[in-house]
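K.L.:
Data file data-v8.txt (compact mmCIF, C-alpha atoms and all ligand atoms) is appended below.
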```txt
# COMPACT_ATOMS: atom_id res chain seq x y z
CA MET N 1 139.24 -5.23 59.06
CA ASN N 2 135.93 -5.32 60.93
CA LYS N 3 134.60 -2.06 62.21
CA PHE N 4 133.28 -1.89 65.75
CA HIS N 5 129.66 -0.78 66.05
CA SER N 6 128.33 -0.04 69.48
CA THR N 7 124.62 -0.71 69.91
CA LEU N 8 124.55 1.94 72.64
CA PRO N 9 122.56 5.12 71.93
CA VAL N 10 125.80 7.12 71.57
CA ASP N 11 126.95 9.44 68.74
CA ALA N 12 130.46 9.85 67.33
CA ASP N 13 131.28 12.60 69.84
CA GLY N 14 130.25 10.49 72.80
CA TYR N 15 126.83 12.05 73.42
CA TYR N 16 123.87 10.14 74.80
CA GLY N 17 121.16 12.69 74.01
CA ARG N 18 122.34 15.86 75.75
CA PHE N 19 124.69 13.98 78.10
CA GLY N 20 128.29 12.81 77.66
CA GLY N 21 131.02 14.34 75.49
CA ALA N 22 134.61 14.99 76.50
CA TYR N 23 135.25 18.08 78.64
CA ILE N 24 138.99 17.79 79.15
CA PRO N 25 142.06 20.03 79.28
CA GLU N 26 143.72 20.76 75.92
CA ILE N 27 146.80 18.77 76.97
CA LEU N 28 144.78 15.53 77.00
CA HIS N 29 143.03 15.94 73.62
CA ALA N 30 145.56 13.98 71.56
CA ASN N 31 145.75 11.30 74.21
CA VAL N 32 142.00 10.81 74.42
CA SER N 33 141.56 10.66 70.66
CA ARG N 34 144.35 8.06 70.41
CA LEU N 35 142.55 6.04 73.09
CA SER N 36 139.27 6.33 71.24
CA GLU N 37 140.86 5.20 68.00
CA ALA N 38 142.63 2.24 69.68
CA PHE N 39 139.50 1.17 71.54
CA HIS N 40 137.37 1.16 68.40
CA ARG N 41 140.08 -0.72 66.51
CA TYR N 42 140.73 -3.44 69.11
CA ALA N 43 137.07 -3.89 70.06
CA ALA N 44 136.63 -5.23 66.52
CA ASP N 45 139.92 -7.16 66.48
CA GLU N 46 139.50 -10.93 66.53
CA GLU N 47 142.84 -11.66 68.12
CA PHE N 48 142.29 -9.10 70.91
CA ASN N 49 138.83 -10.47 71.64
CA ARG N 50 140.10 -14.05 71.65
CA GLU N 51 142.76 -13.20 74.23
CA LEU N 52 140.27 -11.29 76.41
CA ASP N 53 137.64 -14.04 76.19
CA LEU N 54 140.19 -16.63 77.27
CA LEU N 55 141.16 -14.52 80.29
CA LEU N 56 137.51 -13.99 81.19
CA ARG N 57 136.95 -17.73 81.06
CA ASP N 58 140.06 -19.17 82.69
CA TYR N 59 141.16 -16.31 84.95
CA VAL N 60 137.94 -14.57 85.99
CA GLY N 61 135.80 -17.73 85.95
CA ARG N 62 133.21 -16.70 83.33
CA PRO N 63 130.51 -17.32 82.48
CA THR N 64 129.30 -16.51 85.99
CA PRO N 65 126.21 -18.55 86.91
CA LEU N 66 122.66 -17.33 86.41
CA TYR N 67 121.09 -18.81 89.53
CA ARG N 68 117.36 -19.26 90.10
CA ALA N 69 116.89 -18.29 93.75
CA ASP N 70 114.01 -20.63 94.67
CA ARG N 71 113.47 -19.57 98.27
CA LEU N 72 113.69 -15.88 97.44
CA SER N 73 111.31 -16.41 94.50
CA GLU N 74 108.80 -18.06 96.80
CA MET N 75 109.11 -15.30 99.35
CA TYR N 76 108.37 -12.58 96.78
CA GLY N 77 105.89 -14.61 94.72
CA THR N 78 107.76 -14.31 91.43
CA ASN N 79 110.75 -15.81 89.58
CA ILE N 80 114.05 -14.35 90.71
CA TYR N 81 117.35 -15.08 89.01
CA LEU N 82 120.64 -13.81 90.41
CA LYS N 83 123.48 -13.06 87.98
CA ARG N 84 126.45 -14.08 90.10
CA GLU N 85 129.11 -11.42 89.41
CA ASP N 86 130.07 -11.94 93.07
CA LEU N 87 131.76 -15.13 91.91
CA CYS N 88 134.22 -13.31 89.63
CA HIS N 89 137.90 -13.40 90.60
CA THR N 90 138.50 -10.54 93.10
CA GLY N 91 134.81 -10.59 94.08
CA ALA N 92 132.98 -8.19 91.78
CA HIS N 93 132.26 -7.24 88.18
CA LYS N 94 135.06 -4.63 88.14
CA ILE N 95 137.64 -7.17 86.95
CA ASN N 96 135.82 -7.46 83.57
CA ASN N 97 136.66 -3.86 82.76
CA ALA N 98 140.09 -3.84 84.41
CA LEU N 99 141.29 -6.77 82.29
CA GLY N 100 139.87 -5.34 79.07
CA SER N 101 141.38 -1.92 79.74
CA VAL N 102 144.84 -3.14 80.79
CA LEU N 103 144.95 -5.51 77.82
CA LEU N 104 144.14 -2.55 75.57
CA ALA N 105 146.88 -0.51 77.29
CA LYS N 106 149.34 -3.30 76.58
CA ARG N 107 148.36 -3.37 72.91
CA MET N 108 148.91 0.40 72.79
CA GLY N 109 152.45 -0.12 74.08
CA LYS N 110 151.80 1.47 77.48
CA THR N 111 153.80 0.37 80.52
CA ARG N 112 152.34 2.52 83.31
CA ILE N 113 148.74 2.39 84.56
CA ILE N 114 146.95 5.03 86.65
CA ALA N 115 143.69 4.37 88.49
CA GLU N 116 141.55 5.97 91.16
CA THR N 117 139.54 4.05 93.70
CA GLY N 118 136.94 4.73 96.41
CA ALA N 119 136.14 1.59 98.35
CA GLY N 120 139.17 -0.04 96.76
CA GLN N 121 137.41 -2.61 94.56
CA HIS N 122 138.45 -0.98 91.29
CA GLY N 123 141.95 -0.44 92.68
CA VAL N 124 142.24 -4.13 93.55
CA ALA N 125 140.88 -5.18 90.13
CA THR N 126 143.32 -2.88 88.32
CA ALA N 127 146.28 -3.93 90.49
CA THR N 128 145.35 -7.55 89.74
CA ALA N 129 145.28 -6.98 85.98
CA CYS N 130 148.61 -5.12 86.22
CA ALA N 131 150.26 -7.94 88.17
CA LEU N 132 149.00 -10.39 85.56
CA MET N 133 150.29 -8.34 82.62
CA GLY N 134 153.50 -6.99 84.16
CA MET N 135 152.50 -3.31 84.27
CA GLU N 136 153.49 -0.57 86.70
CA CYS N 137 150.39 0.47 88.67
CA VAL N 138 149.69 3.68 90.62
CA VAL N 139 146.36 3.95 92.48
CA TYR N 140 145.06 7.24 93.88
CA MET N 141 142.83 6.92 96.90
CA GLY N 142 141.35 9.51 99.28
CA ALA N 143 143.22 9.50 102.60
CA LEU N 144 139.96 8.86 104.47
CA ASP N 145 139.21 5.85 102.25
CA VAL N 146 142.76 4.54 102.80
CA GLU N 147 141.92 4.42 106.50
CA ARG N 148 138.39 3.01 106.08
CA GLN N 149 139.29 0.33 103.53
CA SER N 150 142.57 -1.01 104.83
CA PRO N 151 142.11 -4.65 103.70
CA ASN N 152 141.82 -3.49 100.07
CA VAL N 153 144.84 -1.18 100.50
CA GLU N 154 146.84 -4.18 101.70
CA ARG N 155 145.66 -6.29 98.77
CA MET N 156 146.75 -3.61 96.29
CA LYS N 157 150.17 -3.34 97.93
CA MET N 158 150.65 -7.09 97.94
CA LEU N 159 149.77 -7.07 94.24
CA GLY N 160 152.63 -4.62 93.68
CA ALA N 161 150.68 -1.39 93.18
CA ARG N 162 151.72 1.95 94.65
CA VAL N 163 148.80 3.43 96.63
CA VAL N 164 148.92 7.22 96.86
CA PRO N 165 146.73 8.74 99.62
CA VAL N 166 145.06 12.03 98.57
CA HIS N 167 144.70 14.67 101.28
CA SER N 168 142.76 17.34 99.37
CA GLY N 169 139.00 18.02 99.61
CA ASN N 170 137.15 15.64 101.88
CA LYS N 171 139.70 12.92 101.08
CA THR N 172 137.41 10.53 99.21
CA LEU N 173 136.75 9.29 95.65
CA LYS N 174 136.09 12.65 93.97
CA ASP N 175 139.44 13.97 95.26
CA ALA N 176 141.27 10.79 94.22
CA THR N 177 139.80 11.17 90.72
CA ASN N 178 141.01 14.78 90.48
CA GLU N 179 144.50 13.64 91.46
CA ALA N 180 144.50 10.76 88.95
CA ILE N 181 143.53 13.20 86.18
CA ARG N 182 146.34 15.52 87.30
CA ASP N 183 148.84 12.64 87.06
CA TRP N 184 147.52 11.80 83.59
CA CYS N 185 148.00 15.41 82.43
CA CYS N 186 151.65 15.26 83.61
CA ASN N 187 152.21 11.77 82.20
CA PRO N 188 150.16 11.54 79.01
CA ASP N 189 152.03 8.35 78.09
CA SER N 190 150.41 6.55 80.99
CA PHE N 191 147.08 4.77 80.54
CA TYR N 192 144.26 5.85 82.84
CA VAL N 193 141.89 3.00 83.77
CA ILE N 194 138.52 4.37 84.91
CA GLY N 195 136.42 2.01 87.04
CA SER N 196 132.92 2.97 85.94
CA THR N 197 130.92 4.29 82.99
CA VAL N 198 131.98 7.86 83.78
CA GLY N 199 134.65 10.27 82.53
CA PRO N 200 135.20 11.75 79.06
CA HIS N 201 134.27 9.91 75.86
CA PRO N 202 135.23 7.15 75.05
CA TYR N 203 135.36 5.90 78.66
CA PRO N 204 131.61 5.43 79.27
CA GLU N 205 131.26 3.54 75.98
CA MET N 206 134.45 1.53 76.53
CA VAL N 207 133.65 0.49 80.11
CA ALA N 208 130.07 -0.46 79.10
CA HIS N 209 131.52 -2.52 76.26
CA PHE N 210 133.87 -4.44 78.58
CA GLN N 211 130.97 -5.07 80.99
CA SER N 212 128.48 -6.04 78.27
CA VAL N 213 129.58 -9.67 78.67
CA ILE N 214 127.14 -9.74 81.63
CA SER N 215 123.98 -9.29 79.53
CA ARG N 216 125.38 -11.38 76.68
CA GLU N 217 125.62 -14.28 79.13
CA ILE N 218 122.22 -13.57 80.72
CA ARG N 219 120.52 -13.86 77.31
CA SER N 220 122.00 -17.24 76.48
CA GLN N 221 121.72 -18.63 80.03
CA LEU N 222 118.08 -17.59 80.33
CA LEU N 223 117.32 -19.13 76.95
CA SER N 224 118.76 -22.48 77.96
CA GLN N 225 117.15 -22.42 81.44
CA THR N 226 113.68 -21.10 80.59
CA GLY N 227 113.33 -21.17 76.81
CA ARG N 228 113.16 -17.35 76.77
CA GLU N 229 116.02 -15.05 75.94
CA CYS N 230 114.43 -11.96 77.50
CA PRO N 231 113.36 -11.59 81.12
CA ASP N 232 110.55 -9.22 82.16
CA TYR N 233 112.89 -7.19 84.34
CA VAL N 234 116.61 -6.61 84.75
CA VAL N 235 117.55 -4.91 88.02
CA ALA N 236 120.95 -3.43 88.90
CA CYS N 237 122.43 -0.89 91.31
CA ILE N 238 124.14 2.23 89.98
CA GLY N 239 127.08 4.09 91.42
CA GLY N 240 128.71 5.38 88.24
CA GLY N 241 126.77 2.74 86.34
CA SER N 242 129.15 0.06 85.05
CA ASN N 243 127.51 -3.11 86.37
CA ALA N 244 124.11 -1.74 85.35
CA ALA N 245 125.42 -0.84 81.89
CA GLY N 246 126.75 -4.39 81.53
CA ALA N 247 123.52 -5.97 82.73
CA PHE N 248 121.30 -3.71 80.56
CA TYR N 249 123.51 -3.54 77.44
CA HIS N 250 122.01 -6.27 75.25
CA PHE N 251 118.47 -5.49 76.44
CA ILE N 252 118.38 -1.75 75.74
CA ASP N 253 116.97 -2.41 72.28
CA SER N 254 114.48 -5.02 73.55
CA PRO N 255 111.59 -2.79 74.72
CA GLU N 256 109.72 -5.71 76.30
CA VAL N 257 112.46 -5.95 78.94
CA ARG N 258 111.94 -3.40 81.72
CA LEU N 259 115.19 -2.01 83.10
CA VAL N 260 115.29 -0.97 86.75
CA ALA N 261 118.19 1.00 88.22
CA ALA N 262 118.65 1.26 91.98
CA GLU N 263 120.50 4.32 93.20
CA ALA N 264 121.56 4.90 96.78
CA ALA N 265 119.11 7.10 98.70
CA GLY N 266 121.25 7.08 101.84
CA LEU N 267 119.05 8.33 104.67
CA GLY N 268 116.37 9.42 102.15
CA VAL N 269 116.17 11.41 98.92
CA ASP N 270 115.20 14.63 100.73
CA SER N 271 117.39 14.12 103.81
CA GLY N 272 120.47 15.95 102.54
CA GLN N 273 122.31 12.67 103.24
CA THR N 274 121.92 10.90 99.91
CA ALA N 275 123.72 9.71 96.78
CA ALA N 276 120.55 9.52 94.62
CA THR N 277 122.05 11.58 91.80
CA ILE N 278 119.28 10.96 89.25
CA HIS N 279 116.61 12.01 91.75
CA VAL N 280 118.30 15.14 93.08
CA GLY N 281 120.92 16.04 90.45
CA SER N 282 120.87 18.62 87.67
CA GLU N 283 122.87 19.03 84.45
CA GLY N 284 126.50 19.82 85.06
CA ILE N 285 130.02 18.71 84.23
CA ILE N 286 131.95 16.31 86.40
CA HIS N 287 135.19 14.47 85.63
CA GLY N 288 135.12 15.22 81.92
CA SER N 289 131.50 14.55 81.05
CA LYS N 290 128.19 16.42 80.93
CA THR N 291 125.71 14.55 83.05
CA LEU N 292 123.51 14.79 86.12
CA VAL N 293 125.45 16.05 89.11
CA MET N 294 124.56 16.66 92.75
CA GLN N 295 125.29 20.38 93.01
CA THR N 296 124.21 23.63 94.62
CA PRO N 297 122.42 26.23 92.43
CA ASP N 298 125.81 27.92 91.86
CA GLY N 299 127.48 24.71 90.74
CA GLN N 300 129.37 23.54 93.84
CA ILE N 301 129.43 19.75 94.15
CA VAL N 302 127.27 18.52 97.04
CA GLU N 303 128.96 15.78 99.06
CA PRO N 304 127.09 12.52 98.58
CA TYR N 305 126.31 10.04 101.33
CA SER N 306 125.51 6.33 101.23
CA VAL N 307 126.27 3.46 103.61
CA SER N 308 127.81 1.83 100.54
CA ALA N 309 131.20 3.26 99.56
CA GLY N 310 130.82 2.02 95.96
CA LEU N 311 127.62 4.04 95.38
CA ASP N 312 128.80 7.16 97.17
CA TYR N 313 129.48 9.35 94.08
CA PRO N 314 127.94 12.77 93.20
CA GLY N 315 127.63 12.01 89.46
CA ILE N 316 126.24 9.28 87.23
CA GLY N 317 127.39 7.93 83.87
CA PRO N 318 125.89 9.87 80.92
CA LEU N 319 124.31 6.69 79.51
CA HIS N 320 122.22 6.33 82.66
CA ALA N 321 121.28 10.02 82.76
CA TYR N 322 119.97 9.53 79.23
CA LEU N 323 118.19 6.20 79.82
CA ALA N 324 116.46 7.69 82.87
CA GLU N 325 115.46 10.91 81.11
CA THR N 326 113.96 9.05 78.16
CA GLY N 327 112.08 6.68 80.46
CA ARG N 328 113.96 3.60 79.24
CA THR N 329 114.96 2.84 82.81
CA GLU N 330 112.88 3.14 85.93
CA VAL N 331 115.07 4.55 88.70
CA LEU N 332 114.34 3.73 92.32
CA ALA N 333 116.08 5.37 95.27
CA VAL N 334 116.87 2.65 97.82
CA THR N 335 117.68 3.75 101.36
CA ASP N 336 120.46 2.39 103.57
CA SER N 337 117.92 0.60 105.73
CA ILE N 338 116.06 -1.09 102.84
CA ALA N 339 119.40 -2.24 101.41
CA LEU N 340 120.58 -3.59 104.78
CA ASP N 341 117.31 -5.46 105.30
CA ALA N 342 117.58 -6.96 101.82
CA ALA N 343 121.19 -8.02 102.43
CA PHE N 344 120.26 -9.97 105.58
CA ARG N 345 117.16 -11.47 103.94
CA VAL N 346 119.11 -12.77 100.92
CA THR N 347 121.91 -14.04 103.14
CA ARG N 348 119.48 -16.01 105.30
CA THR N 349 117.25 -17.37 102.55
CA GLU N 350 119.90 -18.15 99.96
CA GLY N 351 123.21 -18.34 101.84
CA ILE N 352 124.73 -15.57 99.72
CA ILE N 353 126.25 -12.51 101.41
CA PRO N 354 125.97 -9.68 98.86
CA ALA N 355 128.10 -6.54 98.62
CA LEU N 356 126.39 -3.50 100.16
CA GLU N 357 126.14 -2.02 96.65
CA SER N 358 124.37 -5.11 95.30
CA ALA N 359 122.07 -5.04 98.34
CA HIS N 360 120.55 -1.86 96.86
CA ALA N 361 119.52 -3.81 93.74
CA LEU N 362 118.05 -6.50 95.99
CA GLY N 363 116.16 -3.76 97.86
CA VAL N 364 114.08 -3.26 94.70
CA LEU N 365 112.40 -6.62 95.45
CA GLU N 366 110.98 -4.96 98.58
CA MET N 367 109.83 -1.81 96.80
CA LYS N 368 108.18 -3.18 93.66
CA ARG N 369 105.50 -5.80 93.07
CA PHE N 370 106.11 -8.47 90.45
CA ALA N 371 103.61 -10.87 88.85
CA PRO N 372 103.81 -14.62 89.61
CA ASP N 373 104.98 -15.46 86.09
CA ASP N 374 107.44 -12.56 85.75
CA ILE N 375 111.11 -13.36 85.30
CA VAL N 376 113.23 -10.91 87.28
CA VAL N 377 117.01 -10.94 86.85
CA VAL N 378 118.94 -9.13 89.59
CA ASN N 379 122.59 -8.39 88.92
CA LEU N 380 124.53 -9.39 92.04
CA SER N 381 127.49 -7.13 91.31
CA GLY N 382 129.78 -8.30 94.12
CA ARG N 383 130.23 -10.25 97.32
CA GLY N 384 129.98 -8.90 100.84
CA ASP N 385 133.28 -9.95 102.43
CA LYS N 386 134.54 -6.36 102.26
CA ASP N 387 131.39 -5.13 104.04
CA MET N 388 131.33 -7.51 107.03
CA HIS N 389 132.48 -4.75 109.34
CA THR N 390 129.54 -2.51 108.33
CA TYR N 391 127.03 -5.36 108.44
CA MET N 392 128.06 -6.30 111.96
CA ALA N 393 128.09 -2.70 113.16
CA LEU N 394 124.58 -2.03 111.80
CA LYS N 395 122.79 -5.32 112.28
CA ASP N 396 121.18 -4.21 115.55
CA THR N 397 119.42 -1.37 113.72
CA LEU N 398 117.43 -3.91 111.67
CA LYS N 399 113.86 -4.91 112.30
CA ASN N 400 114.04 -8.67 111.80
CA THR N 401 117.44 -9.96 112.86
C1 LIG W 1 132.09 -0.44 92.48
C2 LIG W 1 130.92 -1.30 92.70
C3 LIG W 1 129.62 -0.90 92.32
C4 LIG W 1 129.31 0.45 91.77
O1 LIG W 1 129.91 0.77 90.56
P1 LIG W 1 129.13 0.71 89.17
O2 LIG W 1 130.09 1.29 88.21
O3 LIG W 1 127.90 1.55 89.32
O4 LIG W 1 128.80 -0.69 88.90
C5 LIG W 1 128.58 -1.80 92.50
N1 LIG W 1 128.79 -3.01 93.06
C6 LIG W 1 130.02 -3.41 93.45
C7 LIG W 1 130.17 -4.77 94.06
C8 LIG W 1 131.12 -2.58 93.29
O5 LIG W 1 132.34 -2.99 93.69
```
Here is the file; what I need is its structure written in the form of structure tokens.
P.N.:
Amino acid sequence: MNKFHSTLPVDADGYYGRFGGAYIPEILHANVSRLSEAFHRYAADEEFNRELDLLLRDYVGRPTPLYRADRLSEMYGTNIYLKREDLCHTGAHKINNALGSVLLAKRMGKTRIIAETGAGQHGVATATACALMGMECVVYMGALDVERQSPNVERMKMLGARVVPVHSGNKTLKDATNEAIRDWCCNPDSFYVIGSTVGPHPYPEMVAHFQSVISREIRSQLLSQTGRECPDYVVACIGGGSNAAGAFYHFIDSPEVRLVAAEAAGLGVDSGQTAATIHVGSEGIIHGSKTLVMQTPDGQIVEPYSVSAGLDYPGIGPLHAYLAETGRTEVLAVTDSIALDAAFRVTRTEGIIPALESAHALGVLEMKRFAPDDIVVVNLSGRGDKDMHTYMALKDTLKNT
């Protein structure tokens, strides 16, 4: 049988430099090592990969287009390509990982899936995969998010998932994650689907693997469109880091490709109202992994803030903490207002309404100068339907609309 080899800079214990690992309660050790073993086995299994590839093609709609945005390119004086993850079934890249993970769960003989969700995108993607594969699905969601994101709550319910509102803490993603982990400890036979490149090893590696299809496609699409496999820049937003991990994956070992990560600055890196974890965080442990965390000097988590619910997380995947620390990625902190401006500009020059998260990646076009012959690929992680309410409420705060 083939052995799976990740090209990520990760060791056998799940460390990316000094970040990563698996900091979990004793009761989950056996469970997590079984998961690790199954993931490494099936990631190299031809039959598993054939089934997943078929689903990605016929169910998700892959490959997603790599679109040369002519008007945007002209506006910024460079060559901008948008990787259209917004065209995936359910509207964002999250379905890539949800399908891979639930298919793995099925192979492992699991029948019950647990997930946590913030804005609800990962919850919808997981509920979708569960409906497709006939699995029981329980989604934990902060009570405040249940109120703020009601269309996604309704979608999950229609898909047959049970949505459990979490009333502890400040009733958002971090609290939902704690509750999902608690459920998993009580029900170790369930399969926990994590929605980003966070959590204990092997999750960051596994989620990056399921998202790596994004950069695999970019390489071959760029080759056929431009005669070059490698762009000068790949730009992506990072919440926990899964769409960025997918967009960077097959370029990490190509040093001529500059990788740019956009984190959410909120009202500004020094404003106290931010989610720019790499800029303001320090080493700590959150949700099972050692990484950069927004925390007080005595280790209390600092509540993050961003206009974008999907980037509003006080940690960052260990892969991204490592890539930033080693200088492999350049990390820009993009404020709410730059992201909002970028969202309206792209909508009105290209007719594409991006997700608020993706708008942070597009904000990089405002903050950085590119040369006329540069090729810049921006990962458009999702579509903006879910954010219409926010866009309409904030549009009067913009300069040019
Ligand atoms: C969830 C989400 C993100 C942030 O999550 P990552 O794991 O950092 O990718 C970004 N964009 C969209 C559209 C999302 O739904």
K.L.:
So, counting all atoms listed in the file, which residue among N:Ala176, N:Met158, N:Ala342, N:Leu54 is closest to N:Ala143?
P.N.:
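Closest to N:Ala143 of all the choices is N:Ala176.
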K.L.:
So which residues touch stretch 198-200 of chain N within 7 Å, counting only C-alpha atoms, skipping near sequence neighbours fewer than 5 positions away, as a PyMOL selection string?
P.N.:
chain N and resi 21-23+240+287-289+316-317
K.L.:
Determine, counting all atoms listed in the file, which protein, DNA and RNA residues have an atom within 10 Å of an atom of N:Asp385; residues of the same chain fewer than 6 positions away are not included. Present the result as a list in words.
P.N.:
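The residues satisfying every condition are Gly91, Ile353, Pro354, Ala355, Leu356 and Tyr391 of chain N.
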K.L.:
Around ligand LIG 1 (chain W), at most 9 Å away and counting all atoms listed in the file, which residues are there? Put them as a PyMOL selection string, please.
P.N.:
chain N and resi 85-86+91-94+117-122+195-198+207+236-246+263+308-312+316-317+354-359+380-384
K.L.:
Is it possible to get the residues within 12 Å of (114.5, 9.2, 83.0) (coordinates as in the file, counting only C-alpha atoms) written as a list in words?
P.N.:
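In the file's frame, the residues around the point are Gly17, Leu259, Val260, Ala261, Thr277, Ile278, His279, Gly281, Leu292, Pro318, Leu319, His320, Ala321, Tyr322, Leu323, Ala324, Glu325, Thr326, Gly327, Arg328, Thr329, Glu330, Val331 and Leu332 of chain N.
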K.L.:
Could the residues in this selection be written to a file with C-alpha atoms, as a short mmCIF file (atom, residue, chain, number, x, y, z; two decimals), in the coordinates of the input?
P.N.:
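The result, written out as out-v3.cif:
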```cif
data_model
loop_
_atom_site.label_atom_id
_atom_site.label_comp_id
_atom_site.auth_asym_id
_atom_site.auth_seq_id
_atom_site.Cartn_x
_atom_site.Cartn_y
_atom_site.Cartn_z
CA GLY N 17 121.16 12.69 74.01
CA LEU N 259 115.19 -2.01 83.10
CA VAL N 260 115.29 -0.97 86.75
CA ALA N 261 118.19 1.00 88.22
CA THR N 277 122.05 11.58 91.80
CA ILE N 278 119.28 10.96 89.25
CA HIS N 279 116.61 12.01 91.75
CA GLY N 281 120.92 16.04 90.45
CA LEU N 292 123.51 14.79 86.12
CA PRO N 318 125.89 9.87 80.92
CA LEU N 319 124.31 6.69 79.51
CA HIS N 320 122.22 6.33 82.66
CA ALA N 321 121.28 10.02 82.76
CA TYR N 322 119.97 9.53 79.23
CA LEU N 323 118.19 6.20 79.82
CA ALA N 324 116.46 7.69 82.87
CA GLU N 325 115.46 10.91 81.11
CA THR N 326 113.96 9.05 78.16
CA GLY N 327 112.08 6.68 80.46
CA ARG N 328 113.96 3.60 79.24
CA THR N 329 114.96 2.84 82.81
CA GLU N 330 112.88 3.14 85.93
CA VAL N 331 115.07 4.55 88.70
CA LEU N 332 114.34 3.73 92.32
#
```
K.L.:
Taking all atoms listed in the file into account, which of N:His5, N:Arg18, N:His40, N:Arg258 comes nearest N:Ile285?
P.N.:
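With all atoms listed in the file as the atom set, the closest residue is N:Arg18.
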K.L.:
Atom CA of N:Met392 and atom CA of N:Ser337 are how many Å apart?
P.N.:
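So the answer is 13.8 Å.
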K.L.:
For N:Pro372, please output as a list in words all residues within 12 Å (counting only C-alpha atoms; exclusion window: fewer than 4 positions along the same chain).
P.N.:
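My reading of the contact set: Ser73, Glu74, Met75, Tyr76, Gly77, Thr78, Asn79, Ile80, Asp232 and Val376 of chain N.
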K.L.:
Work out how far apart atom CA of N:Phe191 and atom CA of N:Met156 are and give it in Å to one decimal.
P.N.:
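Rounded to one decimal, the two atoms are 17.8 Å apart.
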K.L.:
Mind giving me the straight-line distance from atom CA of N:Leu340 to atom CA of N:Leu267 in Å, one decimal?
P.N.:
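One can read the atom CA of N:Leu340 to atom CA of N:Leu267 distance as 12.0 Å.
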